[in-house]
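Here is the structure we will look at.
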Amino acid sequence: MTTYGLLIFDEAEELDFVGPWEVFTVSARLREGGDTAVLIAENPGPVRCAKGMRVLPDHTLDDHPPLDVLLVPGGRGTRAVEADHPDVIAWIAKTGAQATWVTSVCTGTFLLYAAGLARGRRVATHWSREDDLEARGDVTVVRDARYVVDGGLLTSQGISAGIDSALWLTGRLHGREHARAVRRVMQYDPAPPYLADEPLA
């Protein structure tokens with residue numbers, strides 16, 4: 001059984017977590033309910049995302065189940081979380097250290113960096129923020145790769161790249177044929193085609 005925990009916060013980019021959520025929940029359904037995905041927020045109330053979507057979390061930072069996979073999205077809200085929510089950063093550090101896989105989409109990588117999880121590692125982030133992240137030091141920003149794997153750390157470029165990275169992770173956890181089945185259910189057929197087997201870097 002795999003438990004996926006997806007962090008959400010105000011001004012998070014919707015597709016950063018909804019795309020991977022689709023991958024993980026389709027995977028769980030194909031595995032006949034053996035897995036679960038949960039949304040986690042600092043507080044139990046609604047979260048208003050970057051484009052106005054309102055989402056209710058399943059759990060708070062204090063009451064979620066143990067996670068095998070932690071996913072941190074990006075969006076404008078990452079700046080506020082990094083600056084004003086030290087409890088969330090501490091939670092990312094603690095939870096990420098306990099999870100088998102830590103993943104981020106877009107500028108979620110900045111929160112992993114703030115939590116210490118991306119330091120000394122190879123990472124991806126949104127193309128418009130690559131220079132900003134690299135300037136912080138002690139991190140190698142890989143450009144022109146939709147997602148990057150460094151040990152148990154999986155980071156991806158902006159927004160739609162999170163779907164690709166989530167499919168790769170699903171294949172790593174449950175096999176490539178399973179990931180391809182998830183892709184077929186989702187009718188996800190980008191051009192160029194999804195590289196089901198290995199990351200580019």
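Here, A, B, ... name the chains of the structure tokens in the order displayed, residue numbers run from 1 inside each chain, and ligands are numbered from 1 in the same displayed order.
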Neighbours of Ala93 (chain A) within 7 Å (only C-alpha atoms; same-chain residues fewer than 3 positions away dropped), as a ChimeraX atom specification?
/A:89-90,96-97,115-117
Please run DSSP on the backbone and report, as a compact mmCIF listing (two decimals) with N, CA and C atoms, in the first residue's frame, all residues within region 27-115 of chain A that come out as helix (DSSP H, G or I).
# COMPACT_ATOMS: atom_id res chain seq x y z
N SER A 27 -4.11 5.39 -10.37
CA SER A 27 -3.25 4.26 -10.02
C SER A 27 -3.87 3.44 -8.90
N ALA A 28 -4.36 4.13 -7.86
CA ALA A 28 -4.97 3.44 -6.72
C ALA A 28 -6.18 2.63 -7.16
N ARG A 29 -7.00 3.21 -8.05
CA ARG A 29 -8.18 2.50 -8.52
C ARG A 29 -7.79 1.25 -9.30
N LEU A 30 -6.78 1.38 -10.15
CA LEU A 30 -6.33 0.21 -10.91
C LEU A 30 -5.73 -0.86 -10.01
N GLY A 77 1.85 31.12 -3.96
CA GLY A 77 1.78 30.92 -2.52
C GLY A 77 3.04 30.39 -1.88
N THR A 78 3.96 29.84 -2.68
CA THR A 78 5.19 29.32 -2.07
C THR A 78 5.98 30.43 -1.39
N ARG A 79 5.92 31.64 -1.94
CA ARG A 79 6.67 32.75 -1.34
C ARG A 79 6.14 33.09 0.04
N ALA A 80 4.81 33.10 0.18
CA ALA A 80 4.22 33.40 1.48
C ALA A 80 4.50 32.28 2.47
N VAL A 81 4.42 31.03 2.02
CA VAL A 81 4.71 29.91 2.92
C VAL A 81 6.15 30.00 3.42
N GLU A 82 7.08 30.24 2.49
CA GLU A 82 8.49 30.29 2.85
C GLU A 82 8.76 31.41 3.85
N ALA A 83 8.13 32.57 3.63
CA ALA A 83 8.40 33.75 4.46
C ALA A 83 7.65 33.76 5.78
N ASP A 84 6.41 33.26 5.77
CA ASP A 84 5.52 33.52 6.91
C ASP A 84 5.03 32.27 7.64
N PRO A 86 6.76 29.25 9.18
CA PRO A 86 7.87 28.36 9.57
C PRO A 86 7.40 26.98 10.00
N ASP A 87 6.18 26.88 10.53
CA ASP A 87 5.67 25.57 10.94
C ASP A 87 5.50 24.64 9.74
N VAL A 88 5.09 25.22 8.59
CA VAL A 88 4.92 24.40 7.39
C VAL A 88 6.29 23.93 6.88
N ILE A 89 7.27 24.83 6.90
CA ILE A 89 8.62 24.45 6.47
C ILE A 89 9.18 23.36 7.38
N ALA A 90 8.98 23.50 8.68
CA ALA A 90 9.45 22.48 9.61
C ALA A 90 8.74 21.15 9.37
N TRP A 91 7.46 21.23 9.05
CA TRP A 91 6.69 20.00 8.77
C TRP A 91 7.21 19.33 7.50
N ILE A 92 7.50 20.11 6.46
CA ILE A 92 8.05 19.54 5.23
C ILE A 92 9.37 18.83 5.53
N ALA A 93 10.23 19.48 6.34
CA ALA A 93 11.52 18.87 6.67
C ALA A 93 11.33 17.55 7.41
N LYS A 94 10.46 17.55 8.40
CA LYS A 94 10.26 16.35 9.22
C LYS A 94 9.57 15.24 8.41
N THR A 95 8.52 15.59 7.72
CA THR A 95 7.75 14.59 6.97
C THR A 95 8.55 14.06 5.80
N GLY A 96 9.28 14.95 5.13
CA GLY A 96 10.11 14.52 4.01
C GLY A 96 11.20 13.57 4.43
N ALA A 97 11.74 13.78 5.64
CA ALA A 97 12.79 12.89 6.13
C ALA A 97 12.26 11.49 6.41
N GLN A 98 10.95 11.38 6.66
CA GLN A 98 10.34 10.09 6.98
C GLN A 98 9.75 9.39 5.76
N GLY A 108 7.48 24.61 -6.03
CA GLY A 108 7.50 23.83 -4.79
C GLY A 108 8.91 23.46 -4.38
N THR A 109 9.82 23.42 -5.36
CA THR A 109 11.22 23.13 -5.06
C THR A 109 11.81 24.14 -4.09
N PHE A 110 11.34 25.39 -4.14
CA PHE A 110 11.83 26.41 -3.21
C PHE A 110 11.49 26.04 -1.77
N LEU A 111 10.32 25.43 -1.56
CA LEU A 111 9.95 25.01 -0.21
C LEU A 111 10.80 23.83 0.24
N LEU A 112 11.10 22.92 -0.68
CA LEU A 112 12.01 21.83 -0.33
C LEU A 112 13.39 22.36 0.01
N TYR A 113 13.83 23.38 -0.72
CA TYR A 113 15.12 24.00 -0.42
C TYR A 113 15.09 24.65 0.97
N ALA A 114 14.02 25.40 1.25
CA ALA A 114 13.91 26.05 2.56
C ALA A 114 13.91 25.03 3.69
How far is it from CA of Pro73 (chain A) to CA of Val47 (chain A), in Å with one decimal?
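Between CA of Pro73 (chain A) and CA of Val47 (chain A) the gap is 13.3 Å.
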Which residues, written as an MDAnalysis selection string, have at least one atom at most 12 Å from Glu134 (chain A), with only C-alpha atoms counted and residues fewer than 2 positions away on the same chain left out?
chainID A and resid 109:110 113 118:132 136:143
Between A:Glu11, A:Asp58, A:Glu177, A:Asp189, which is the closest to Gly75 (chain A) once you count only C-alpha atoms?
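Counting only C-alpha atoms, the residue closest to Gly75 (chain A) is A:Glu11.
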How far is it from CA of Asp63 (chain A) to CA of Lys51 (chain A), in Å with one decimal?
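Distance between the two atoms: 27.4 Å.
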Please measure the separation of CA of Gln187 (chain A) and CA of Gly34 (chain A), giving the value in Å to one decimal.
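CA of Gly34 (chain A) lies at a distance of 22.3 Å from CA of Gln187 (chain A).
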Which is closer to Gly171 (chain A) than all the others in A:Ile8, A:Val23, A:Val18, A:Leu71, using only C-alpha atoms?
A:Val23
Kindly indicate which residue among A:Leu133, A:Val26, A:Leu70, A:Met53 lies nearest to Thr103 (chain A), using only C-alpha atoms for the distances.
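Closest to Thr103 (chain A) of all the choices is A:Leu70.
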A:Leu169, A:Cys49, A:Ala181, A:Leu153: which is nearest Phe17 (chain A), counting only C-alpha atoms?
A:Cys49
